[in-house]
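**Student:** Hey, dropping model39.cif in here, mmCIF, C-alpha atoms:
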data_run
#
loop_
_atom_site.label_atom_id
_atom_site.label_comp_id
_atom_site.auth_asym_id
_atom_site.auth_seq_id
_atom_site.Cartn_x
_atom_site.Cartn_y
_atom_site.Cartn_z
CA MET A 106 -36.14 0.32 64.08
CA LYS A 107 -38.19 -1.00 61.18
CA PRO A 108 -39.68 2.39 60.13
CA HIS A 109 -36.20 3.79 59.60
CA ARG A 110 -35.14 1.19 57.00
CA TYR A 111 -37.33 2.42 54.16
CA PRO A 112 -35.90 5.98 53.99
CA ILE A 113 -32.40 4.54 53.87
CA LYS A 114 -33.26 2.24 50.98
CA LEU A 115 -35.03 5.00 49.12
CA GLY A 116 -32.03 7.24 49.59
CA LYS A 117 -29.73 4.57 48.13
CA LEU A 118 -32.09 4.09 45.19
CA HIS A 119 -32.15 7.82 44.54
CA THR A 120 -28.35 7.96 44.64
CA PHE A 121 -28.05 4.99 42.28
CA ALA A 122 -30.55 6.52 39.88
CA LEU A 123 -28.66 9.81 39.97
CA VAL A 124 -25.38 8.02 39.16
CA LEU A 125 -27.01 6.23 36.23
CA ALA A 126 -28.47 9.47 34.94
CA LEU A 127 -25.12 11.23 35.12
CA ALA A 128 -23.38 8.32 33.38
CA SER A 129 -25.98 8.30 30.61
CA ALA A 130 -25.69 12.05 30.17
CA SER A 131 -21.91 11.75 29.99
CA ALA A 132 -22.15 9.01 27.38
CA LEU A 133 -24.56 11.09 25.32
CA ALA A 134 -22.35 14.13 25.64
CA GLU A 135 -19.33 12.31 24.18
CA PRO A 136 -19.37 12.75 20.40
CA ALA A 137 -19.25 9.53 18.37
CA ALA A 138 -16.18 9.09 16.24
CA ALA A 139 -16.95 10.17 12.70
CA PRO A 140 -16.47 7.42 10.09
CA PRO A 141 -13.60 7.90 7.64
CA GLY A 142 -14.18 8.74 4.02
CA ALA A 143 -14.86 12.47 4.04
CA SER A 144 -11.31 13.05 2.80
CA LEU A 145 -8.70 10.94 1.11
CA GLU A 146 -6.11 11.73 3.79
CA SER A 147 -8.18 10.00 6.50
CA LEU A 148 -8.34 6.82 4.42
CA LEU A 149 -4.60 6.78 3.69
CA GLU A 150 -3.77 7.27 7.35
CA LEU A 151 -6.05 4.39 8.31
CA ALA A 152 -4.65 2.11 5.61
CA ARG A 153 -1.03 2.72 6.66
CA SER A 154 -1.82 1.45 10.15
CA GLN A 155 -4.31 -1.33 9.33
CA ASN A 156 -3.70 -2.85 5.90
CA PRO A 157 -2.31 -6.40 6.43
CA GLU A 158 -0.49 -6.61 3.10
CA PHE A 159 1.56 -3.51 3.83
CA ALA A 160 2.13 -4.67 7.42
CA ALA A 161 3.48 -8.00 6.15
CA MET A 162 5.93 -6.30 3.78
CA ARG A 163 7.03 -3.91 6.53
CA HIS A 164 7.73 -6.82 8.88
CA GLU A 165 9.66 -8.64 6.15
CA ALA A 166 11.80 -5.53 5.68
CA GLU A 167 12.49 -5.44 9.43
CA ALA A 168 13.41 -9.13 9.34
CA ALA A 169 15.81 -8.53 6.43
CA THR A 170 17.48 -5.71 8.38
CA GLU A 171 18.09 -8.07 11.28
CA ARG A 172 20.02 -10.42 8.97
CA ILE A 173 22.80 -7.90 8.38
CA TYR A 174 24.76 -8.36 11.62
CA PRO A 175 24.65 -12.20 11.66
CA ALA A 176 25.80 -12.28 8.04
CA GLY A 177 29.11 -10.58 8.91
CA ALA A 178 29.67 -12.24 12.28
CA LEU A 179 32.14 -15.03 12.95
CA PRO A 180 30.64 -18.53 13.14
CA ASP A 181 30.20 -19.98 16.60
CA PRO A 182 33.28 -21.79 17.96
CA THR A 183 33.30 -25.52 18.65
CA LEU A 184 34.49 -27.22 21.84
CA ARG A 185 35.88 -30.72 21.51
CA THR A 186 36.85 -32.96 24.45
CA GLU A 187 39.03 -36.08 24.03
CA LEU A 188 39.39 -38.55 26.91
CA ARG A 189 42.68 -40.44 26.49
CA ASP A 190 43.50 -43.83 28.00
CA ILE A 191 40.20 -44.30 29.79
CA THR A 192 41.22 -47.92 30.60
CA ASN A 193 44.31 -46.72 32.56
CA GLN A 194 46.61 -49.24 30.92
CA GLY A 195 49.77 -50.07 32.89
CA THR A 196 48.30 -48.86 36.21
CA ASP A 197 46.36 -50.46 39.01
CA ALA A 198 43.35 -48.15 38.38
CA GLY A 199 40.35 -49.46 36.50
CA PRO A 200 38.56 -47.82 33.57
CA ASN A 201 37.11 -44.38 34.30
CA LEU A 202 35.47 -41.44 32.52
CA LEU A 203 36.48 -38.67 34.92
CA PRO A 204 39.10 -36.33 33.35
CA GLY A 205 41.30 -36.35 36.47
CA ARG A 206 41.37 -40.17 36.78
CA ILE A 207 42.49 -41.23 33.33
CA GLY A 208 45.70 -40.89 31.35
CA SER A 209 44.98 -37.38 29.99
CA THR A 210 42.20 -35.17 28.66
CA LYS A 211 42.49 -32.87 25.68
CA TYR A 212 40.17 -29.85 25.33
CA THR A 213 40.12 -28.20 21.91
CA LEU A 214 38.42 -24.88 21.17
CA ILE A 215 38.01 -24.46 17.40
CA GLN A 216 37.08 -21.14 15.77
CA PRO A 217 36.20 -21.10 12.02
CA VAL A 218 37.65 -18.02 10.31
CA PRO A 219 36.61 -17.18 6.71
CA PHE A 220 39.19 -15.86 4.28
CA TRP A 221 39.89 -12.14 4.50
CA GLY A 222 37.09 -10.03 3.00
CA LYS A 223 34.40 -12.73 2.95
CA ARG A 224 32.66 -11.52 6.08
CA ASP A 225 32.45 -7.97 4.75
CA LEU A 226 31.03 -9.21 1.47
CA LYS A 227 28.42 -11.34 3.23
CA ARG A 228 27.38 -8.34 5.30
CA GLU A 229 27.12 -6.17 2.18
CA VAL A 230 25.00 -8.82 0.45
CA ALA A 231 22.67 -8.82 3.47
CA GLU A 232 22.53 -5.00 3.44
CA ALA A 233 21.55 -5.05 -0.23
CA GLY A 234 18.89 -7.65 0.58
CA ALA A 235 17.53 -5.42 3.35
CA ASN A 236 17.41 -2.47 0.94
CA GLN A 237 15.58 -4.62 -1.58
CA ALA A 238 13.02 -5.65 1.06
CA LYS A 239 12.60 -2.00 2.06
CA GLY A 240 12.05 -1.03 -1.58
CA LEU A 241 9.44 -3.78 -1.99
CA ALA A 242 7.65 -2.55 1.14
CA GLU A 243 7.60 1.00 -0.23
CA ALA A 244 6.41 -0.32 -3.60
CA THR A 245 3.59 -2.14 -1.81
CA TRP A 246 2.56 1.10 -0.11
CA ALA A 247 2.77 3.04 -3.37
CA GLU A 248 0.54 0.47 -5.05
CA LEU A 249 -1.86 0.34 -2.10
CA SER A 250 -2.15 4.13 -1.84
CA ALA A 251 -2.77 4.36 -5.60
CA ARG A 252 -5.59 1.81 -5.30
CA ILE A 253 -7.12 3.78 -2.43
CA LYS A 254 -6.85 7.05 -4.36
CA THR A 255 -8.48 5.41 -7.38
CA ALA A 256 -11.30 3.87 -5.33
CA TYR A 257 -11.89 7.16 -3.51
CA ALA A 258 -12.13 9.05 -6.82
CA GLN A 259 -14.66 6.49 -8.04
CA TYR A 260 -16.57 6.76 -4.75
CA TYR A 261 -16.68 10.54 -5.08
CA SER A 262 -17.66 10.34 -8.75
CA ALA A 263 -20.57 7.96 -8.09
CA SER A 264 -21.77 10.05 -5.13
CA ARG A 265 -21.55 13.30 -7.10
CA ALA A 266 -23.22 11.79 -10.20
CA GLU A 267 -26.01 10.49 -8.00
CA MET A 268 -26.54 13.98 -6.56
CA LEU A 269 -26.57 15.56 -10.05
CA THR A 270 -29.06 12.98 -11.27
CA ARG A 271 -31.37 13.70 -8.34
CA GLU A 272 -31.16 17.42 -9.12
CA ASN A 273 -32.07 16.72 -12.74
CA LEU A 274 -34.89 14.48 -11.60
CA GLY A 275 -36.31 17.36 -9.58
CA LEU A 276 -35.94 19.65 -12.58
CA THR A 277 -37.80 17.16 -14.76
CA ARG A 278 -40.62 17.02 -12.19
CA ASN A 279 -40.94 20.79 -12.50
CA LEU A 280 -41.08 20.46 -16.28
CA GLU A 281 -43.79 17.85 -15.87
CA LYS A 282 -45.84 20.27 -13.77
CA ILE A 283 -45.49 22.95 -16.46
CA THR A 284 -46.47 20.43 -19.12
CA LEU A 285 -49.52 19.23 -17.18
CA ALA A 286 -50.64 22.81 -16.66
CA ARG A 287 -50.34 23.59 -20.35
CA TYR A 288 -52.01 20.29 -21.27
CA ALA A 289 -54.91 21.12 -18.97
CA ASN A 290 -55.34 24.37 -20.89
CA GLY A 291 -55.21 22.52 -24.21
CA LEU A 292 -51.95 24.18 -25.25
CA VAL A 293 -49.80 21.02 -25.66
CA PRO A 294 -50.60 17.38 -26.46
CA GLN A 295 -50.70 14.67 -23.79
CA GLN A 296 -47.58 13.18 -25.31
CA ASP A 297 -45.47 15.94 -23.69
CA ALA A 298 -46.57 14.91 -20.19
CA ILE A 299 -45.93 11.25 -20.98
CA ARG A 300 -42.44 12.03 -22.27
CA ALA A 301 -41.66 13.92 -19.06
CA GLN A 302 -42.71 10.87 -17.06
CA VAL A 303 -40.65 8.55 -19.26
CA GLU A 304 -37.62 10.81 -18.75
CA GLN A 305 -38.06 10.57 -14.96
CA THR A 306 -38.28 6.79 -15.12
CA GLY A 307 -35.04 6.67 -17.05
CA MET A 308 -33.34 8.85 -14.43
CA ARG A 309 -34.59 6.62 -11.62
CA SER A 310 -33.07 3.65 -13.43
CA GLU A 311 -29.78 5.51 -13.69
CA LEU A 312 -29.97 6.28 -9.95
CA VAL A 313 -30.14 2.57 -9.21
CA ALA A 314 -26.99 1.99 -11.27
CA LEU A 315 -25.19 4.90 -9.59
CA GLU A 316 -26.14 3.69 -6.11
CA THR A 317 -24.75 0.27 -7.00
CA GLU A 318 -21.54 1.85 -8.31
CA ARG A 319 -21.15 3.90 -5.13
CA HIS A 320 -21.74 0.78 -3.03
CA HIS A 321 -19.08 -1.15 -4.95
CA ALA A 322 -16.57 1.66 -4.42
CA MET A 323 -17.39 1.71 -0.70
CA VAL A 324 -16.87 -2.07 -0.44
CA LYS A 325 -13.55 -1.78 -2.27
CA LEU A 326 -12.35 0.96 0.09
CA ASN A 327 -13.39 -1.03 3.16
CA ALA A 328 -11.46 -4.06 1.88
CA LEU A 329 -8.33 -1.95 1.41
CA LEU A 330 -8.77 -0.53 4.91
CA GLN A 331 -9.28 -3.95 6.54
CA ARG A 332 -12.83 -3.05 7.58
CA PRO A 333 -16.04 -5.09 7.25
CA ALA A 334 -17.40 -4.76 3.72
CA MET A 335 -20.69 -3.12 4.70
CA THR A 336 -19.22 -0.64 7.20
CA HIS A 337 -20.45 2.89 6.59
CA LEU A 338 -18.15 5.48 5.04
CA ALA A 339 -18.63 9.21 5.31
CA LYS A 340 -19.84 11.11 2.28
CA PRO A 341 -16.84 12.25 0.22
CA GLU A 342 -16.46 16.00 0.40
CA ARG A 343 -13.84 16.90 -2.17
CA LEU A 344 -11.23 15.70 -4.61
CA ARG A 345 -7.56 16.58 -4.31
CA PRO A 346 -6.42 19.59 -6.35
CA ILE A 347 -4.54 18.75 -9.53
CA PRO A 348 -0.97 20.17 -9.54
CA ALA A 349 -0.24 23.09 -11.81
CA PRO A 350 1.14 22.24 -15.27
CA ALA A 351 4.55 23.63 -14.29
CA ARG A 352 4.88 20.86 -11.68
CA LEU A 353 4.06 18.18 -14.23
CA ASP A 354 7.08 18.68 -16.48
CA PHE A 355 8.18 15.31 -17.86
CA VAL A 356 11.91 15.94 -17.54
CA ALA A 357 11.65 16.94 -13.88
CA LEU A 358 9.34 14.03 -13.07
CA GLU A 359 11.63 11.63 -14.92
CA GLU A 360 14.49 12.59 -12.60
CA ARG A 361 12.26 12.15 -9.57
CA LEU A 362 11.15 8.76 -10.82
CA ARG A 363 14.72 7.55 -11.27
CA ALA A 364 15.62 8.75 -7.77
CA ARG A 365 12.47 7.89 -5.82
CA ASN A 366 10.58 5.04 -7.47
CA PRO A 367 10.51 2.13 -4.97
CA GLN A 368 10.56 -0.53 -7.69
CA LEU A 369 13.72 0.94 -9.17
CA PHE A 370 15.18 1.20 -5.67
CA ALA A 371 14.47 -2.50 -5.11
CA GLU A 372 15.96 -3.42 -8.50
CA SER A 373 19.07 -1.34 -7.77
CA ALA A 374 19.43 -3.18 -4.48
CA ARG A 375 19.06 -6.48 -6.36
CA VAL A 376 21.87 -5.44 -8.69
CA ALA A 377 24.07 -4.47 -5.73
CA ALA A 378 23.39 -7.82 -4.06
CA ALA A 379 24.28 -9.66 -7.26
CA GLU A 380 27.54 -7.70 -7.59
CA LYS A 381 28.59 -8.45 -4.01
CA ASN A 382 27.57 -12.08 -4.40
CA ARG A 383 29.75 -12.36 -7.50
CA GLU A 384 32.72 -10.99 -5.55
CA LEU A 385 31.98 -13.43 -2.73
CA VAL A 386 31.86 -16.37 -5.12
CA ASN A 387 35.22 -15.28 -6.56
CA LYS A 388 36.62 -15.25 -3.03
CA ASN A 389 35.80 -18.95 -2.75
CA ARG A 390 38.98 -19.61 -4.73
CA TYR A 391 40.81 -19.02 -1.46
CA PRO A 392 40.68 -21.31 1.58
CA ASP A 393 38.86 -20.78 4.86
CA PHE A 394 40.55 -21.54 8.17
CA ASN A 395 39.91 -23.26 11.47
CA LEU A 396 41.99 -22.08 14.41
CA GLY A 397 42.23 -24.34 17.46
CA LEU A 398 43.66 -24.02 20.98
CA SER A 399 44.03 -27.23 23.06
CA PRO A 400 45.01 -27.43 26.76
CA ILE A 401 45.83 -31.01 27.86
CA GLN A 402 44.93 -32.14 31.38
CA THR A 403 46.95 -34.82 33.13
CA GLY A 404 45.59 -35.64 36.54
CA SER A 405 44.64 -32.32 38.06
CA ARG A 406 47.19 -30.23 36.14
CA PHE A 407 47.29 -28.64 32.69
CA ASN A 408 50.88 -29.19 31.66
CA GLU A 409 50.62 -29.10 27.85
CA TRP A 410 49.16 -26.66 25.29
CA GLU A 411 48.65 -27.20 21.57
CA LEU A 412 47.86 -24.75 18.78
CA MET A 413 46.10 -25.97 15.66
CA ILE A 414 45.38 -24.40 12.25
CA GLU A 415 43.60 -26.14 9.41
CA LEU A 416 42.28 -24.98 6.05
CA ASN A 417 40.20 -26.39 3.29
CA ILE A 418 41.89 -26.97 -0.05
CA PRO A 419 39.90 -25.53 -2.99
CA LEU A 420 40.66 -28.27 -5.48
CA GLN A 421 37.29 -28.43 -7.24
CA GLN A 422 38.07 -25.56 -9.59
CA GLU A 423 35.59 -26.54 -12.30
CA SER A 424 32.78 -26.47 -9.74
CA ARG A 425 33.86 -23.02 -8.63
CA ARG A 426 34.07 -21.77 -12.21
CA SER A 427 30.45 -22.87 -12.72
CA GLN A 428 29.43 -20.98 -9.58
CA GLU A 429 31.26 -17.89 -10.84
CA ARG A 430 29.51 -18.07 -14.20
CA GLU A 431 26.20 -18.46 -12.41
CA ALA A 432 26.89 -15.37 -10.29
CA GLN A 433 27.83 -13.39 -13.39
CA ALA A 434 24.64 -14.47 -15.17
CA MET A 435 22.54 -13.50 -12.15
CA LEU A 436 24.18 -10.07 -12.15
CA ALA A 437 23.43 -9.60 -15.85
CA ALA A 438 19.83 -10.69 -15.26
CA ALA A 439 19.42 -8.19 -12.41
CA GLN A 440 20.83 -5.38 -14.56
CA SER A 441 18.54 -6.26 -17.47
CA ARG A 442 15.54 -6.47 -15.17
CA LYS A 443 16.31 -3.03 -13.76
CA GLU A 444 16.63 -1.55 -17.25
CA ALA A 445 13.35 -3.12 -18.37
CA THR A 446 11.54 -1.86 -15.26
CA GLN A 447 12.91 1.64 -15.77
CA ASN A 448 11.82 1.75 -19.43
CA GLN A 449 8.34 0.52 -18.53
CA LEU A 450 7.94 3.05 -15.72
CA LEU A 451 9.04 5.95 -17.92
CA ALA A 452 6.59 4.90 -20.62
CA GLU A 453 3.78 4.78 -18.05
CA LEU A 454 4.78 8.21 -16.77
CA ALA A 455 4.62 9.76 -20.24
CA GLU A 456 1.26 8.11 -20.93
CA ASN A 457 -0.29 9.28 -17.67
CA LEU A 458 1.00 12.83 -18.04
CA SER A 459 -0.53 13.08 -21.52
CA ALA A 460 -3.84 11.65 -20.32
CA LEU A 461 -3.89 13.99 -17.32
CA GLU A 462 -3.41 17.01 -19.55
CA ALA A 463 -6.22 15.79 -21.83
CA SER A 464 -8.56 15.38 -18.84
CA ARG A 465 -7.68 18.87 -17.65
CA ARG A 466 -8.54 20.35 -21.05
CA VAL A 467 -11.83 18.42 -21.27
CA GLU A 468 -12.80 19.65 -17.79
CA THR A 469 -12.04 23.24 -18.75
CA LEU A 470 -14.12 22.99 -21.93
CA ALA A 471 -17.04 21.40 -20.10
CA ARG A 472 -16.99 23.92 -17.25
CA ASP A 473 -16.23 27.15 -19.12
CA SER A 474 -17.87 26.54 -22.51
CA LEU A 475 -20.25 23.61 -22.73
CA LEU A 476 -22.09 24.09 -19.42
CA PRO A 477 -22.77 27.87 -19.80
CA GLN A 478 -23.94 27.30 -23.37
CA ALA A 479 -26.23 24.45 -22.29
CA GLU A 480 -27.74 26.53 -19.50
CA LEU A 481 -28.45 29.40 -21.89
CA THR A 482 -29.98 26.99 -24.38
CA PHE A 483 -32.22 25.52 -21.67
CA LYS A 484 -33.42 28.94 -20.47
CA SER A 485 -34.18 29.94 -24.06
CA ALA A 486 -35.97 26.64 -24.74
CA LEU A 487 -38.00 26.91 -21.51
CA ALA A 488 -39.10 30.43 -22.37
CA GLY A 489 -39.96 29.33 -25.90
CA TYR A 490 -41.94 26.32 -24.65
CA GLU A 491 -43.97 28.44 -22.26
CA THR A 492 -44.93 30.72 -25.17
CA GLY A 493 -45.54 27.84 -27.55
CA LYS A 494 -42.63 28.61 -29.86
CA VAL A 495 -40.59 25.49 -28.98
CA ASP A 496 -41.81 21.90 -28.72
CA PHE A 497 -41.23 19.70 -25.66
CA ALA A 498 -38.61 17.53 -27.39
CA THR A 499 -36.38 20.57 -27.81
CA LEU A 500 -36.82 21.45 -24.13
CA LEU A 501 -35.90 17.93 -22.99
CA ASP A 502 -32.88 17.91 -25.26
CA ALA A 503 -31.70 21.22 -23.74
CA GLN A 504 -32.06 19.76 -20.26
CA ARG A 505 -30.09 16.67 -21.28
CA GLN A 506 -27.29 18.92 -22.55
CA ILE A 507 -26.95 20.52 -19.11
CA ARG A 508 -26.79 17.14 -17.45
CA LYS A 509 -24.30 15.85 -20.00
CA ALA A 510 -22.06 18.88 -19.52
CA ARG A 511 -22.02 18.39 -15.76
CA LEU A 512 -21.33 14.67 -16.05
CA ASP A 513 -18.59 15.32 -18.62
CA GLU A 514 -16.95 17.73 -16.19
CA LEU A 515 -17.23 15.18 -13.39
CA LYS A 516 -15.84 12.38 -15.57
CA ALA A 517 -12.88 14.56 -16.59
CA GLN A 518 -12.19 15.35 -12.92
CA THR A 519 -12.33 11.66 -12.03
CA ASP A 520 -10.06 10.66 -14.91
CA ALA A 521 -7.56 13.32 -13.84
CA GLN A 522 -7.59 11.91 -10.29
CA LEU A 523 -6.95 8.40 -11.59
CA ARG A 524 -4.01 9.62 -13.68
CA LEU A 525 -2.63 11.60 -10.75
CA ALA A 526 -2.80 8.49 -8.57
CA ASP A 527 -0.83 6.53 -11.19
CA ILE A 528 1.78 9.29 -11.50
CA GLU A 529 2.28 9.41 -7.72
CA ARG A 530 2.56 5.61 -7.67
CA LEU A 531 5.34 5.82 -10.26
CA LEU A 532 7.13 8.58 -8.34
CA GLY A 533 6.76 6.83 -4.99
CA GLU A 534 5.60 10.06 -3.36
CA ASP A 535 2.76 12.60 -3.52
CA LEU A 536 3.02 15.61 -5.76
#
Render the structure in this file as structure tokens.

**Tutor:**
Amino acid sequence: MKPHRYPIKLGKLHTFALVLALASASALAEPAAAPPGASLESLLELARSQNPEFAAMRHEAEAATERIYPAGALPDPTLRTELRDITNQGTDAGPNLLPGRIGSTKYTLIQPVPFWGKRDLKREVAEAGANQAKGLAEATWAELSARIKTAYAQYYSASRAEMLTRENLGLTRNLEKITLARYANGLVPQQDAIRAQVEQTGMRSELVALETERHHAMVKLNALLQRPAMTHLAKPERLRPIPAPARLDFVALEERLRARNPQLFAESARVAAAEKNRELVNKNRYPDFNLGLSPIQTGSRFNEWELMIELNIPLQQESRRSQEREAQAMLAAAQSRKEATQNQLLAELAENLSALEASRRVETLARDSLLPQAELTFKSALAGYETGKVDFATLLDAQRQIRKARLDELKAQTDAQLRLADIERLLGEDL
């Protein structure tokens, strides 16, 4: 029997190895999840589900919604039990605490009942508070999304500027080769080659600064997404398109801001809560009630019933007048706060619209005028340098003009994205 054991073991080993190979092949075949960051939409979707600040405000809004029903409900009733004549005076029985073995037992069920209209007002105050919490949650998301949009634009700008600088560095290396060739032939001084090398060193220094800027933007985005600071982000692919000028009309956007801005929504809810609270305080001039029903047990029988009604007497009128003045002052404060917030938001909207239009015009000038002119100047200067008609300083200056035009275009695009993010934060929605 011994010779037959080895083939069996080898067969099991082969099977196990085959299973491992198939599992490894399956794992390799499964594509790894791509990191976010290629588009702004992927970051916003991740932030909505993971950001703890927004989650906290959303939970607070849910908690405020759950306060509405209890605010308008009746208070819990009270049950009172009175044991009468527990010493059994005038009888042969001794003291006792059992309801059927004493003189009598009175059970009283008491239900507090607020004055008519108070429960509705309390519920409306709670509803206004829930709306305010909802508005604050939406304001938190608007602020958070604006910060993500801003950080993403900066991340894209640093990445794009780094790429442009590397392209210019390669172009400067080519110029250095041309310069060295002409220097070897005695056509240009050695200073031209040295200046080309100095220009490359300056670009490498700028690359270090741009890499640091891109890293800072990546860390900021990871913090907003509740991810470890050094977690990799995908290379940003594109910026969002800027809406057409017709969609950026101030009058139309002003109406949208008044209707949709979450801060204004929260302030309107605060005003509504203050109005209902003032009405509720005025209702305190009238008494609240307690209704009671009392069956009385004698022995094992209930042979008596009592009905009770009691009310508080609102005698402290000066105290109530102070409370009414306080409620009126709080209402005036809420109204003033809403007006101040609205004025500030409209001013920010006008400022951002003007700045966005300026960025759009700068981008158009850089792309359609400055960059083509710089490229033509560089081609002319390069041809002139190769024939000895233009010095190297003029050639370097022409190259710098191309780089400046491209960076100006990129800066204008980034500034427009920042202004667009602020406008959408003010509107409470994307354009």

**Student:** Can you turn the PyMOL selection byres ((chain A and resi 145) around 8) into a concrete residue list for this file, as a ChimeraX atom specification?

**Tutor:** /A:142-144,146-149,254,257,344-345

**Student:** For the atom pair atom CA of A:Val218 and atom CA of A:Phe394, what is the interatomic distance in Å to one decimal place?

**Tutor:**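 Interatomic distance here is 5.0 Å.
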
**Student:** Just checking: using only C-alpha atoms, which residue out of A:Ala339, A:Ala517, A:Gly275, A:Leu500 ends up closest to A:Arg466?

**Tutor:**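 Closest candidate: A:Ala517.
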
**Student:** With the file shown as input, list the residues that the PyMOL selection byres ((chain A and resi 422-435) around 12) selects, as number ranges by chain.

**Tutor:** A: 375-391, 418-421, 436-442

**Student:** What does the distance between atom CA of A:Lys494 and atom CA of A:Met308 come to in Å, to one decimal place?

**Tutor:** 26.7 Å

**Student:** On this file, the PyMOL selection byres ((chain A and resi 408-414) around 7) gives some set of residues; write that set as a list in words.

**Tutor:**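 Output of the PyMOL selection byres ((chain A and resi 408-414) around 7): Phe394, Asn395, Leu396, Gly397, Leu398, Ser399, Pro400, Ile401, Gln402, Arg406, Phe407, Glu415 and Leu416 of chain A.
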
**Student:** Which residue, A:Lys516, A:Lys239, A:Arg172, A:Arg352, has the smallest gap to A:Glu468 when you use only C-alpha atoms?

**Tutor:** A:Lys516

**Student:** Could you check which residues have any atom within 12 Å of (1.6, 0.2, -2.9), counting all atoms listed in the file with coordinates taken straight from the file, and then list them as a ChimeraX atom specification?

**Tutor:** /A:149,152-153,156,158-160,162-163,240-254,329,366-368,526-527,529-534

**Student:** With a distance cut-off of 9 Å and all atoms listed in the file, select the neighbouring residues of A:Arg224, excluding the residue or stretch itself and same-chain residues fewer than 2 positions from it, and output the selection as a list in words.

**Tutor:** Ala176, Gly177, Ala178, Leu179, Pro219, Phe220, Trp221, Gly222, Leu226, Lys227, Arg228 and Glu229 of chain A

**Student:** Let's have the selection written as a compact mmCIF listing (two decimals), in the frame of the given file, with C-alpha atoms.

**Tutor:**
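Final file, part16.txt:
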# COMPACT_ATOMS: atom_id res chain seq x y z
CA ALA A 176 25.80 -12.28 8.04
CA GLY A 177 29.11 -10.58 8.91
CA ALA A 178 29.67 -12.24 12.28
CA LEU A 179 32.14 -15.03 12.95
CA PRO A 219 36.61 -17.18 6.71
CA PHE A 220 39.19 -15.86 4.28
CA TRP A 221 39.89 -12.14 4.50
CA GLY A 222 37.09 -10.03 3.00
CA LEU A 226 31.03 -9.21 1.47
CA LYS A 227 28.42 -11.34 3.23
CA ARG A 228 27.38 -8.34 5.30
CA GLU A 229 27.12 -6.17 2.18

**Student:** What is the atom CA of A:Met335-atom CA of A:Glu272 distance in Å, reported with one decimal?

**Tutor:**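 Distance reported for this atom pair: 26.9 Å.
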
**Student:** Between A:Glu150, A:Asp354, A:Asp535, A:Glu304, which is the closest to A:Arg505 once you count only C-alpha atoms?

**Tutor:**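 Going through A:Glu150, A:Asp354, A:Asp535, A:Glu304 one by one, the smallest distance to A:Arg505 is for A:Glu304.
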
**Student:** A:Lys509, A:Arg189, A:Ile528, A:Asp181: which is nearest A:Asn201, counting all atoms listed in the file?

**Tutor:**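 When distances to A:Asn201 are compared using all atoms listed in the file, the smallest one comes from A:Arg189.
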
**Student:** Give me the residues within 8 Å of A:Gln237 as a short mmCIF file (atom, residue, chain, number, x, y, z; two decimals) with C-alpha atoms, in the coordinates of the input, counting all atoms listed in the file and dropping any in the same chain fewer than 4 places off.

**Tutor:**
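Wrote out-v7.cif, looks like this:
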data_model
loop_
_atom_site.label_atom_id
_atom_site.label_comp_id
_atom_site.auth_asym_id
_atom_site.auth_seq_id
_atom_site.Cartn_x
_atom_site.Cartn_y
_atom_site.Cartn_z
CA ALA A 233 21.55 -5.05 -0.23
CA LEU A 241 9.44 -3.78 -1.99
CA PHE A 370 15.18 1.20 -5.67
CA ALA A 371 14.47 -2.50 -5.11
CA GLU A 372 15.96 -3.42 -8.50
CA SER A 373 19.07 -1.34 -7.77
CA ALA A 374 19.43 -3.18 -4.48
CA ARG A 375 19.06 -6.48 -6.36
#

**Student:** Using all atoms listed in the file, find the one residue out of A:Glu318, A:Asp496, A:Glu360, A:Asp473 that sits nearest to A:Arg511.

**Tutor:** A:Asp473

**Student:** Compare A:Leu358, A:Leu326, A:Leu280, A:Ala364 by their minimum atom-to-atom distance to A:Pro141, counting all atoms listed in the file, and give me the closest one.

**Tutor:**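 The answer is A:Leu326, which sits nearest to A:Pro141.
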